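Asks: Structure file target38.cif, mmCIF, C-alpha atoms and all ligand atoms, is pasted below:
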```
data_protein
loop_
_atom_site.label_atom_id
_atom_site.label_comp_id
_atom_site.auth_asym_id
_atom_site.auth_seq_id
_atom_site.Cartn_x
_atom_site.Cartn_y
_atom_site.Cartn_z
CA MET A 33 -71.44 -20.19 -4.10
CA THR A 34 -67.91 -20.29 -5.51
CA THR A 35 -65.14 -18.71 -3.42
CA ARG A 36 -62.55 -16.99 -5.61
CA ILE A 37 -59.06 -17.19 -4.15
CA ALA A 38 -55.87 -15.39 -5.23
CA PHE A 39 -52.20 -15.91 -4.38
CA ALA A 40 -49.55 -13.24 -3.79
CA GLY A 41 -46.19 -14.88 -4.48
CA SER A 42 -45.67 -18.03 -6.52
CA GLY A 43 -42.73 -19.60 -4.67
CA TYR A 44 -42.32 -22.65 -2.43
CA ILE A 45 -45.16 -22.23 0.03
CA ALA A 46 -47.57 -20.59 -2.44
CA LYS A 47 -47.48 -23.87 -4.39
CA VAL A 48 -48.25 -25.86 -1.25
CA HIS A 49 -51.27 -23.59 -0.64
CA ALA A 50 -52.42 -23.82 -4.27
CA ARG A 51 -52.20 -27.62 -4.10
CA ALA A 52 -54.39 -27.50 -0.98
CA ALA A 53 -56.87 -25.08 -2.55
CA GLY A 54 -57.11 -27.22 -5.71
CA LYS A 55 -58.54 -30.08 -3.64
CA LEU A 56 -61.47 -28.09 -2.25
CA ALA A 57 -64.92 -28.02 -3.78
CA GLY A 58 -66.46 -24.67 -4.70
CA LEU A 59 -63.12 -22.88 -4.88
CA GLU A 60 -61.82 -21.06 -7.94
CA LEU A 61 -58.09 -20.36 -8.14
CA ALA A 62 -58.79 -16.97 -9.63
CA ALA A 63 -55.55 -14.98 -9.69
CA VAL A 64 -51.83 -14.92 -8.95
CA VAL A 65 -49.62 -11.90 -8.25
CA ASN A 66 -45.88 -11.64 -8.87
CA HIS A 67 -43.63 -9.08 -10.47
CA ARG A 68 -41.65 -11.98 -11.99
CA PRO A 69 -43.69 -13.10 -15.02
CA GLU A 70 -41.90 -16.45 -15.58
CA SER A 71 -42.55 -17.68 -12.05
CA MET A 72 -46.15 -16.40 -12.18
CA THR A 73 -46.93 -17.99 -15.54
CA ALA A 74 -45.48 -21.34 -14.49
CA PHE A 75 -47.64 -21.20 -11.33
CA ALA A 76 -50.77 -20.21 -13.30
CA THR A 77 -50.22 -23.07 -15.74
CA GLU A 78 -49.54 -25.65 -13.04
CA PHE A 79 -52.61 -24.77 -10.98
CA GLY A 80 -55.02 -23.57 -13.67
CA VAL A 81 -55.12 -19.99 -12.38
CA THR A 82 -57.04 -17.71 -14.72
CA ARG A 83 -55.62 -14.22 -14.13
CA GLN A 84 -52.09 -12.85 -13.56
CA TYR A 85 -51.12 -9.47 -12.10
CA ALA A 86 -47.83 -7.72 -11.38
CA THR A 87 -49.09 -6.16 -8.13
CA VAL A 88 -51.75 -6.77 -5.48
CA ASP A 89 -53.20 -3.31 -6.18
CA GLU A 90 -53.76 -4.20 -9.85
CA MET A 91 -55.41 -7.44 -8.82
CA LEU A 92 -57.73 -5.64 -6.37
CA ALA A 93 -58.60 -3.06 -9.01
CA GLY A 94 -59.57 -5.94 -11.32
CA GLY A 95 -62.07 -7.19 -8.70
CA GLY A 96 -63.58 -10.67 -8.67
CA VAL A 97 -61.52 -12.02 -5.77
CA ASP A 98 -62.89 -13.03 -2.34
CA ALA A 99 -59.68 -14.08 -0.60
CA LEU A 100 -55.92 -13.64 -0.88
CA VAL A 101 -53.16 -15.95 0.35
CA VAL A 102 -50.01 -13.89 1.03
CA SER A 103 -46.87 -16.02 0.54
CA THR A 104 -44.32 -13.35 -0.29
CA PRO A 105 -41.12 -12.30 1.53
CA ASN A 106 -41.94 -11.00 5.01
CA TYR A 107 -41.46 -7.27 4.25
CA LEU A 108 -44.45 -7.42 1.87
CA HIS A 109 -46.89 -9.18 4.21
CA ALA A 110 -48.34 -6.11 5.95
CA SER A 111 -48.77 -3.88 2.90
CA GLN A 112 -50.26 -6.62 0.71
CA ALA A 113 -52.55 -7.90 3.47
CA ILE A 114 -53.76 -4.41 4.42
CA ALA A 115 -54.48 -3.50 0.77
CA ALA A 116 -56.62 -6.64 0.44
CA LEU A 117 -58.40 -6.21 3.78
CA GLU A 118 -59.23 -2.59 2.91
CA ALA A 119 -60.85 -3.88 -0.28
CA GLY A 120 -62.93 -6.31 1.83
CA VAL A 121 -60.87 -9.31 0.64
CA HIS A 122 -60.20 -11.97 3.30
CA VAL A 123 -56.53 -12.76 3.90
CA MET A 124 -54.48 -15.73 4.98
CA VAL A 125 -50.92 -14.48 5.50
CA GLU A 126 -47.83 -16.60 6.01
CA LYS A 127 -45.80 -16.54 9.21
CA PRO A 128 -44.25 -14.36 10.49
CA MET A 129 -47.33 -12.26 9.75
CA ALA A 130 -45.25 -9.06 9.61
CA MET A 131 -41.86 -7.48 10.25
CA SER A 132 -42.93 -6.25 13.71
CA ALA A 133 -45.78 -6.23 16.22
CA ALA A 134 -46.60 -2.66 15.13
CA GLU A 135 -47.22 -3.85 11.57
CA ALA A 136 -49.22 -6.80 12.88
CA SER A 137 -51.40 -4.45 14.89
CA ALA A 138 -52.12 -2.34 11.77
CA MET A 139 -53.15 -5.51 9.92
CA VAL A 140 -55.54 -6.53 12.70
CA ALA A 141 -57.03 -3.03 12.74
CA ALA A 142 -57.54 -3.06 8.95
CA GLY A 143 -59.40 -6.38 9.14
CA GLN A 144 -61.67 -5.05 11.86
CA ARG A 145 -62.31 -1.74 10.11
CA PHE A 146 -63.20 -3.24 6.75
CA GLY A 147 -64.98 -6.38 7.97
CA ALA A 148 -62.60 -8.82 6.31
CA LEU A 149 -61.13 -11.92 7.97
CA LEU A 150 -57.43 -12.21 8.73
CA MET A 151 -55.87 -15.62 9.30
CA VAL A 152 -52.20 -16.29 10.00
CA ALA A 153 -50.80 -19.52 8.58
CA HIS A 154 -49.42 -20.97 11.81
CA CYS A 155 -49.59 -24.37 10.19
CA TRP A 156 -48.68 -26.61 13.13
CA ARG A 157 -52.09 -25.96 14.67
CA PHE A 158 -53.47 -28.07 11.81
CA ASP A 159 -51.16 -31.01 12.33
CA GLN A 160 -52.89 -34.19 13.54
CA GLU A 161 -50.21 -34.94 16.12
CA ALA A 162 -50.23 -31.40 17.52
CA ARG A 163 -54.01 -31.62 17.82
CA TRP A 164 -53.72 -34.96 19.63
CA VAL A 165 -51.31 -33.42 22.16
CA ARG A 166 -53.62 -30.44 22.63
CA GLU A 167 -56.54 -32.82 23.37
CA GLN A 168 -54.46 -34.59 26.02
CA VAL A 169 -53.65 -31.27 27.69
CA VAL A 170 -57.29 -30.13 27.56
CA SER A 171 -58.48 -33.43 29.07
CA GLY A 172 -56.14 -32.82 32.01
CA ARG A 173 -54.19 -36.04 31.58
CA ILE A 174 -50.82 -34.47 32.40
CA GLY A 175 -52.26 -32.08 34.96
CA GLU A 176 -51.43 -28.40 35.19
CA VAL A 177 -48.61 -27.58 32.75
CA VAL A 178 -45.66 -26.06 34.57
CA ARG A 179 -43.22 -25.59 31.68
CA THR A 180 -42.62 -26.34 28.00
CA LYS A 181 -39.52 -26.80 25.89
CA GLY A 182 -39.66 -26.47 22.11
CA TYR A 183 -37.49 -26.13 19.04
CA GLY A 184 -37.49 -24.64 15.59
CA VAL A 185 -34.05 -25.69 14.43
CA HIS A 186 -32.43 -26.67 11.10
CA VAL A 187 -29.31 -28.81 11.40
CA ASN A 188 -26.49 -28.05 8.93
CA TRP A 189 -28.87 -26.13 6.73
CA GLY A 190 -30.45 -22.71 6.50
CA PRO A 191 -32.40 -20.77 3.91
CA GLY A 192 -30.73 -18.28 1.57
CA GLY A 193 -31.83 -15.32 -0.55
CA TRP A 194 -34.25 -12.84 0.99
CA PHE A 195 -34.60 -14.93 4.21
CA THR A 196 -31.08 -13.83 5.22
CA GLN A 197 -31.50 -10.09 4.60
CA LYS A 198 -32.82 -8.08 7.52
CA ARG A 199 -34.58 -5.45 5.39
CA LEU A 200 -36.55 -8.18 3.54
CA ALA A 201 -37.08 -10.73 6.32
CA GLY A 202 -37.14 -8.64 9.52
CA GLY A 203 -35.23 -11.29 11.44
CA GLY A 204 -33.46 -14.60 10.94
CA ALA A 205 -33.92 -17.97 12.64
CA VAL A 206 -36.01 -16.50 15.47
CA ALA A 207 -38.49 -14.84 13.07
CA ASP A 208 -38.49 -17.82 10.71
CA MET A 209 -38.25 -20.93 12.92
CA GLY A 210 -38.61 -19.62 16.47
CA ILE A 211 -42.07 -18.34 15.67
CA HIS A 212 -43.20 -21.89 14.78
CA ALA A 213 -42.06 -23.14 18.18
CA ILE A 214 -43.54 -20.10 19.96
CA ASP A 215 -46.91 -20.58 18.28
CA THR A 216 -46.87 -24.33 18.92
CA ALA A 217 -46.25 -23.73 22.63
CA ARG A 218 -49.10 -21.21 22.73
CA PHE A 219 -51.45 -23.55 20.87
CA LEU A 220 -50.69 -26.49 23.16
CA LEU A 221 -51.04 -24.30 26.27
CA GLY A 222 -54.36 -22.77 25.13
CA ASP A 223 -53.06 -19.38 23.94
CA PRO A 224 -51.79 -17.83 27.17
CA ARG A 225 -50.50 -14.26 26.97
CA PRO A 226 -46.82 -13.47 27.51
CA VAL A 227 -45.98 -11.58 30.70
CA SER A 228 -42.25 -11.26 30.10
CA VAL A 229 -39.55 -12.42 27.70
CA TYR A 230 -35.82 -12.98 28.06
CA ALA A 231 -33.64 -13.99 25.11
CA ARG A 232 -30.12 -14.48 23.84
CA ILE A 233 -29.90 -14.22 20.06
CA GLY A 234 -26.87 -14.08 17.77
CA THR A 235 -25.20 -14.97 14.48
CA TYR A 236 -22.49 -17.61 14.76
CA TYR A 237 -22.55 -19.87 11.70
CA GLN A 238 -22.87 -17.70 8.56
CA GLU A 239 -22.16 -14.20 7.30
CA PHE A 240 -25.44 -12.27 7.16
CA ASP A 241 -27.19 -9.47 9.02
CA VAL A 242 -29.86 -11.68 10.61
CA ASP A 243 -29.60 -14.19 13.47
CA ASP A 244 -28.97 -17.92 13.14
CA THR A 245 -29.24 -18.82 16.84
CA GLY A 246 -31.74 -17.96 19.57
CA VAL A 247 -32.81 -19.10 23.02
CA ILE A 248 -35.97 -17.51 24.38
CA ALA A 249 -37.73 -17.80 27.75
CA VAL A 250 -41.35 -16.69 27.93
CA ASN A 251 -43.32 -16.32 31.17
CA TRP A 252 -47.04 -16.79 30.53
CA ASP A 253 -50.01 -15.30 32.36
CA ASN A 254 -51.14 -18.80 33.41
CA GLY A 255 -47.95 -19.27 35.42
CA ALA A 256 -46.19 -21.60 32.96
CA VAL A 257 -42.81 -20.85 31.39
CA SER A 258 -41.65 -21.83 27.89
CA ILE A 259 -38.14 -22.29 26.61
CA VAL A 260 -37.89 -21.95 22.84
CA GLU A 261 -34.82 -22.64 20.72
CA ALA A 262 -34.49 -21.29 17.19
CA GLY A 263 -31.70 -21.99 14.76
CA TRP A 264 -30.31 -22.40 11.27
CA TRP A 265 -27.07 -24.23 10.52
CA GLN A 266 -27.00 -25.77 13.99
CA PRO A 267 -24.74 -28.72 14.82
CA HIS A 268 -27.62 -30.52 16.57
CA ALA A 269 -31.35 -30.35 17.28
CA ASP A 270 -33.00 -32.17 20.17
CA GLY A 271 -36.11 -32.53 18.05
CA ALA A 272 -37.71 -31.74 14.74
CA THR A 273 -39.24 -28.36 13.87
CA ALA A 274 -41.94 -27.38 16.35
CA SER A 275 -41.01 -30.36 18.49
CA THR A 276 -42.35 -29.46 21.90
CA ARG A 277 -42.58 -31.08 25.32
CA LEU A 278 -45.03 -30.03 28.01
CA TYR A 279 -44.21 -30.85 31.60
CA GLY A 280 -47.32 -31.14 33.74
CA ARG A 281 -47.81 -31.96 37.39
CA ARG A 282 -48.98 -35.46 36.45
CA GLY A 283 -46.85 -36.19 33.42
CA MET A 284 -45.18 -35.09 30.22
CA ALA A 285 -46.71 -34.69 26.75
CA SER A 286 -44.38 -34.81 23.79
CA LEU A 287 -44.96 -33.65 20.22
CA PHE A 288 -42.55 -35.31 17.72
CA PRO A 289 -42.14 -38.01 18.84
CA THR A 290 -45.73 -37.88 20.05
CA GLY A 291 -46.89 -39.56 23.25
CA LEU A 292 -47.34 -39.18 26.99
CA VAL A 293 -45.46 -40.19 30.07
CA LEU A 294 -47.79 -40.17 33.07
CA THR A 295 -46.36 -40.20 36.56
CA ASP A 296 -47.71 -40.91 39.98
CA ALA A 297 -45.17 -39.66 42.50
CA ARG A 298 -46.90 -41.29 45.48
CA LYS A 299 -47.09 -44.74 43.89
CA GLN A 300 -43.72 -44.24 42.16
CA GLN A 301 -45.31 -45.33 38.88
CA ILE A 302 -44.60 -44.31 35.34
CA GLU A 303 -46.97 -45.14 32.49
CA ARG A 304 -46.13 -44.56 28.84
CA VAL A 305 -49.05 -43.72 26.54
CA ASP A 306 -48.51 -44.44 22.85
CA SER A 307 -50.24 -41.94 20.58
CA GLY A 308 -50.39 -44.40 17.71
CA PHE A 309 -48.43 -42.06 15.45
CA PRO A 310 -45.15 -43.36 13.98
CA ALA A 311 -42.03 -42.48 16.01
CA VAL A 312 -40.48 -40.84 12.95
CA ARG A 313 -42.67 -39.13 10.36
CA LYS A 314 -42.19 -39.85 6.67
CA GLU A 315 -42.61 -36.17 5.87
CA HIS A 316 -42.16 -33.64 8.59
CA TYR A 317 -44.21 -31.01 6.74
CA PRO A 318 -47.01 -33.13 5.27
CA GLN A 319 -49.25 -31.64 2.59
CA ALA A 320 -52.21 -32.85 4.71
CA MET A 321 -51.38 -30.22 7.36
CA TYR A 322 -51.60 -27.43 4.78
CA ASP A 323 -54.74 -28.99 3.26
CA ALA A 324 -56.43 -28.85 6.67
CA GLN A 325 -55.26 -25.24 7.14
CA MET A 326 -56.68 -24.14 3.76
CA ALA A 327 -59.96 -26.01 4.34
CA TYR A 328 -60.32 -24.20 7.68
CA PHE A 329 -59.64 -20.78 6.09
CA VAL A 330 -62.33 -21.41 3.48
CA ASP A 331 -64.77 -22.70 6.14
CA CYS A 332 -64.21 -19.50 8.15
CA ILE A 333 -64.92 -17.38 5.07
CA ARG A 334 -68.14 -19.26 4.34
CA ALA A 335 -69.31 -19.13 7.97
CA ASN A 336 -68.02 -15.55 8.44
CA GLN A 337 -66.21 -16.79 11.53
CA THR A 338 -63.03 -15.27 13.03
CA PRO A 339 -60.18 -17.70 12.32
CA VAL A 340 -57.93 -19.02 15.07
CA PRO A 341 -55.01 -18.61 14.47
CA GLY A 342 -56.08 -15.17 13.32
CA GLY A 343 -54.55 -11.73 13.46
CA ALA A 344 -54.90 -11.72 17.25
CA GLU A 345 -52.77 -14.86 17.72
CA GLY A 346 -50.22 -13.82 15.08
CA TRP A 347 -49.89 -10.42 16.73
CA VAL A 348 -49.10 -11.94 20.13
CA ASN A 349 -46.43 -14.09 18.46
CA MET A 350 -44.93 -10.96 16.90
CA GLN A 351 -44.93 -9.23 20.31
CA ILE A 352 -42.89 -12.15 21.65
CA VAL A 353 -40.46 -12.01 18.70
CA ASP A 354 -40.02 -8.24 19.09
CA ALA A 355 -39.51 -8.62 22.85
CA ALA A 356 -36.97 -11.40 22.29
CA TYR A 357 -34.88 -9.21 19.96
CA GLU A 358 -35.13 -6.30 22.41
CA SER A 359 -34.15 -8.49 25.37
CA SER A 360 -31.15 -9.84 23.48
CA ARG A 361 -30.08 -6.31 22.54
CA THR A 362 -30.41 -4.88 26.04
CA GLY A 363 -29.68 -7.93 28.16
CA ALA A 364 -32.82 -7.23 30.19
CA VAL A 365 -36.08 -9.06 30.72
CA VAL A 366 -38.77 -7.34 28.62
CA GLU A 367 -42.20 -6.95 30.23
CA THR A 368 -44.91 -7.67 27.69
CA GLY A 369 -47.88 -6.93 29.87
CA GLY A 370 -49.60 -10.32 29.87
N1 LIG A 401 -45.55 -22.39 7.16
C1 LIG A 401 -44.56 -22.95 6.51
O1 LIG A 401 -44.35 -24.15 6.58
C2 LIG A 401 -43.70 -22.10 5.62
C3 LIG A 401 -42.75 -22.71 4.81
C4 LIG A 401 -41.99 -21.89 3.95
C5 LIG A 401 -42.18 -20.53 3.94
N2 LIG A 401 -43.11 -19.97 4.78
C6 LIG A 401 -43.31 -18.49 4.75
O2 LIG A 401 -43.90 -18.17 3.49
C7 LIG A 401 -43.37 -16.95 2.99
C8 LIG A 401 -42.76 -17.20 1.62
O3 LIG A 401 -41.71 -18.14 1.75
P1 LIG A 401 -41.27 -19.09 0.52
O4 LIG A 401 -40.38 -20.13 1.11
O5 LIG A 401 -42.44 -19.51 -0.28
O6 LIG A 401 -40.37 -18.05 -0.28
P2 LIG A 401 -40.03 -18.04 -1.83
O7 LIG A 401 -38.85 -17.17 -1.99
O8 LIG A 401 -40.00 -19.45 -2.36
O9 LIG A 401 -41.31 -17.34 -2.49
C9 LIG A 401 -41.58 -15.97 -2.37
C10 LIG A 401 -42.40 -15.57 -3.58
O10 LIG A 401 -42.76 -14.20 -3.50
C11 LIG A 401 -42.53 -13.61 -4.77
N3 LIG A 401 -42.44 -12.16 -4.66
C12 LIG A 401 -41.38 -11.40 -4.29
N4 LIG A 401 -41.71 -10.09 -4.34
C13 LIG A 401 -43.03 -10.05 -4.72
C14 LIG A 401 -43.96 -8.99 -4.93
N5 LIG A 401 -43.60 -7.71 -4.77
N6 LIG A 401 -45.23 -9.31 -5.27
C15 LIG A 401 -45.60 -10.60 -5.46
N7 LIG A 401 -44.76 -11.63 -5.29
C16 LIG A 401 -43.48 -11.36 -4.91
C17 LIG A 401 -41.28 -14.30 -5.27
O11 LIG A 401 -41.08 -14.11 -6.67
C18 LIG A 401 -41.64 -15.74 -4.92
O12 LIG A 401 -42.52 -16.29 -5.87
C19 LIG A 401 -42.41 -16.45 4.06
O13 LIG A 401 -43.05 -15.53 4.90
C20 LIG A 401 -42.04 -17.70 4.84
O14 LIG A 401 -41.68 -17.43 6.17
C21 LIG A 401 -43.86 -20.73 5.59
#
```
Take the structure I supplied and represent it as structure tokens, if you would.
Replies:
Amino acid sequence: MTTRIAFAGSGYIAKVHARAAGKLAGLELAAVVNHRPESMTAFATEFGVTRQYATVDEMLAGGGVDALVVSTPNYLHASQAIAALEAGVHVMVEKPMAMSAAEASAMVAAGQRFGALLMVAHCWRFDQEARWVREQVVSGRIGEVVRTKGYGVHVNWGPGGWFTQKRLAGGGAVADMGIHAIDTARFLLGDPRPVSVYARIGTYYQEFDVDDTGVIAVNWDNGAVSIVEAGWWQPHADGATASTRLYGRRGMASLFPTGLVLTDARKQQIERVDSGFPAVRKEHYPQAMYDAQMAYFVDCIRANQTPVPGGAEGWVNMQIVDAAYESSRTGAVVETGG
């Protein structure tokens, strides 16, 4: 049976998703939504999309859509996703899934109430190298993970437009890039829950009302602690986006560059394990990662299976982001309940 998929937004990442969807068998690129007709028409022409609508509500009223990919500015994610879920249309929503954990919770509730699936596009979970690192952690090669250190940092660059306006984006570098590193840490650790969060967040490099710099410490319910750095316009990054290191009792696993360092304290030995991936990637955001993400979303729809990362995982990430902003505002550690 053909799965009919629609796109809200026709900008940068919507095109990446449409390219991924176009490669899948049994998928019809049925509709696109944007209030800007030029952008929408160009998108429809490029990807052979049949129908165009100015709003998600008009599209839903038209019917004939099984799933919606929400790739609009962050302030629209919750309302567009909830409208679709209430119409029984499955949703894959871009990160950050919402402006706040409260909005994320309403999205999860709508999916449950109306029996529609909600996936959050935390794309690094579909990256081959991230999956390799996760397998090493699961197999116990580095032992119990004690701490992680990860980054979501742009050097000498940052986005413009709606990304830098609080009322449209919710937050700045922490909401945009920090959430990648937060989700990557959670994925590699096996989705622990946050017990408490401490953060320092500020704006130091540009004039806008969102943050460009953040350092976050998260205590997890499995006893590990994660340090996450987020930034735009930074003078330096220790690693590429979502670059993460996990320090275990028997070694260290690194994502970007990807490999292991295994240690034996008693024998004073160190062994380096090459992952086989190139030390520097040609493309840091390969289309293949988004292809795998889209294929998984469609598989979940066809099998009626709850996606992971779904609303539940995205919601936890939003709780951490909210707690980080609160901690930075108050100077206190924020208890998140675990
Ligand atoms: N996972 C990733 O790698 C990744 C990369 C980039 C962006 N993103 C996320 O994707 C989302 C979109 O980012 P982008 O870079 O594609 O932004 P963008 O500005 O390129 O695209 C946003 C699109 O939404 C459209 N839009 C605005 N208001 C609308 C409305 N009311 N209805 C329908 N469409 C509307 C705009 O016209 C534009 O086509 C953001 O949440 C961002 O954080 C994720």
Asks: Between atom CA of Ile114 of chain A and atom CA of Met139 of chain A, what is the distance, to one decimal in Å?
Replies: 5.6 Å
Asks: If we count all atoms listed in the file, what is near Gly263 of chain A at a cut-off of 9 Å, once residues fewer than 4 positions away on the same chain are taken out, given as an MDAnalysis selection string?
Replies: chainID A and resid 183:187 190 204:206 208:210 243:247 269
Asks: Could the residues that lie within 9 Å of ligand LIG 401 (chain A), counting all atoms listed in the file, be listed as number ranges by chain?
Replies: A: 39-48, 64-69, 71-72, 75, 85-88, 102-109, 112, 125-130, 153-156, 191-195, 201, 207-209, 212, 317, 322
Asks: Which of these residues is nearest to Arg36 of chain A, using all atoms listed in the file: A:Ala50, A:Cys332, A:Ala62, A:Val121?
Replies: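 Among the listed residues, A:Ala62 lies closest to Arg36 of chain A.
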Asks: Pick out the closest residue to Arg304 of chain A from this set: A:Val152, A:Glu135, A:Leu100, A:Ile174. Count all atoms listed in the file.
Replies: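 Under the stated criterion, the closest residue is A:Ile174.
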Asks: Find the distance between atom CA of Ala162 of chain A and atom CA of Leu220 of chain A and write it in Å to one decimal.
Replies: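 Answer for the atom CA of Ala162 of chain A to atom CA of Leu220 of chain A separation: 7.5 Å.
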Asks: Measuring between all atoms listed in the file, which one of A:Phe240, A:Leu221, A:Arg51, A:Gly346 shows the shortest distance to Gln168 of chain A?
Replies: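 Nearest candidate to Gln168 of chain A out of A:Phe240, A:Leu221, A:Arg51, A:Gly346: A:Leu221.
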Asks: Interatomic distance between atom CA of Leu117 of chain A and atom CA of Thr82 of chain A?
Replies: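 Separating atom CA of Leu117 of chain A from atom CA of Thr82 of chain A is a distance of 21.8 Å.
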Asks: Which of these residues is nearest to Arg199 of chain A, using only C-alpha atoms: A:Val348, A:Ile248, A:Val242, A:Val101?
Replies: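 For Arg199 of chain A, the nearest of the candidates is A:Val242.
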Asks: Which residue is closest to Pro289 of chain A? Choose from A:Glu345, A:Val178, A:Ala249, A:Glu161 and count all atoms listed in the file.
Replies: A:Glu161
Asks: Start from the incomplete input, build all heavy atoms for segment 310-317 of chain A, and deliver everything as a compact mmCIF listing (two decimals), keeping the file's coordinate frame.
Replies:
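The resulting file, selection.txt, is reproduced below:
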```txt
# COMPACT_ATOMS: atom_id res chain seq x y z
N PRO A 310 -46.49 -42.79 14.11
CA PRO A 310 -45.15 -43.36 13.98
C PRO A 310 -44.10 -42.52 14.73
O PRO A 310 -44.24 -41.30 14.84
CB PRO A 310 -44.87 -43.32 12.48
CG PRO A 310 -46.06 -42.73 11.82
CD PRO A 310 -47.08 -42.38 12.85
N ALA A 311 -43.07 -43.19 15.24
CA ALA A 311 -42.03 -42.48 16.01
C ALA A 311 -41.32 -41.45 15.14
O ALA A 311 -40.95 -40.38 15.62
CB ALA A 311 -41.04 -43.49 16.57
N VAL A 312 -41.10 -41.79 13.88
CA VAL A 312 -40.48 -40.84 12.95
C VAL A 312 -41.42 -40.66 11.77
O VAL A 312 -41.87 -41.64 11.17
CB VAL A 312 -39.11 -41.37 12.45
CG1 VAL A 312 -38.48 -40.37 11.48
CG2 VAL A 312 -38.18 -41.65 13.62
N ARG A 313 -41.73 -39.39 11.46
CA ARG A 313 -42.67 -39.13 10.36
C ARG A 313 -41.97 -39.30 9.02
O ARG A 313 -40.80 -38.96 8.90
CB ARG A 313 -43.17 -37.68 10.46
CG ARG A 313 -44.16 -37.50 11.56
CD ARG A 313 -44.13 -36.10 12.11
NE ARG A 313 -44.63 -35.06 11.22
CZ ARG A 313 -45.83 -34.51 11.33
NH1 ARG A 313 -46.68 -34.95 12.22
NH2 ARG A 313 -46.17 -33.51 10.55
N LYS A 314 -42.75 -39.75 8.03
CA LYS A 314 -42.19 -39.85 6.67
C LYS A 314 -41.85 -38.46 6.17
O LYS A 314 -40.76 -38.19 5.70
CB LYS A 314 -43.23 -40.48 5.75
CG LYS A 314 -43.05 -41.96 5.58
CD LYS A 314 -43.65 -42.41 4.25
CE LYS A 314 -44.17 -43.82 4.40
NZ LYS A 314 -45.58 -43.98 4.28
N GLU A 315 -42.82 -37.56 6.29
CA GLU A 315 -42.61 -36.17 5.87
C GLU A 315 -42.85 -35.32 7.10
O GLU A 315 -43.92 -35.45 7.73
CB GLU A 315 -43.66 -35.75 4.85
CG GLU A 315 -43.42 -36.22 3.45
CD GLU A 315 -44.61 -35.83 2.61
OE1 GLU A 315 -45.69 -36.40 2.79
OE2 GLU A 315 -44.46 -34.90 1.80
N HIS A 316 -41.92 -34.44 7.40
CA HIS A 316 -42.16 -33.64 8.59
C HIS A 316 -43.19 -32.54 8.34
O HIS A 316 -43.90 -32.14 9.25
CB HIS A 316 -40.87 -33.07 9.17
CG HIS A 316 -41.09 -32.49 10.53
ND1 HIS A 316 -41.53 -33.28 11.59
CD2 HIS A 316 -41.02 -31.24 11.00
CE1 HIS A 316 -41.69 -32.51 12.65
NE2 HIS A 316 -41.39 -31.27 12.32
N TYR A 317 -43.24 -32.04 7.11
CA TYR A 317 -44.21 -31.01 6.74
C TYR A 317 -45.22 -31.62 5.76
O TYR A 317 -45.12 -31.36 4.56
CB TYR A 317 -43.52 -29.83 6.06
CG TYR A 317 -42.52 -29.08 6.89
CD1 TYR A 317 -41.21 -29.53 7.02
CD2 TYR A 317 -42.88 -27.90 7.54
CE1 TYR A 317 -40.28 -28.84 7.77
CE2 TYR A 317 -41.95 -27.21 8.29
CZ TYR A 317 -40.66 -27.69 8.41
OH TYR A 317 -39.75 -27.00 9.16
```
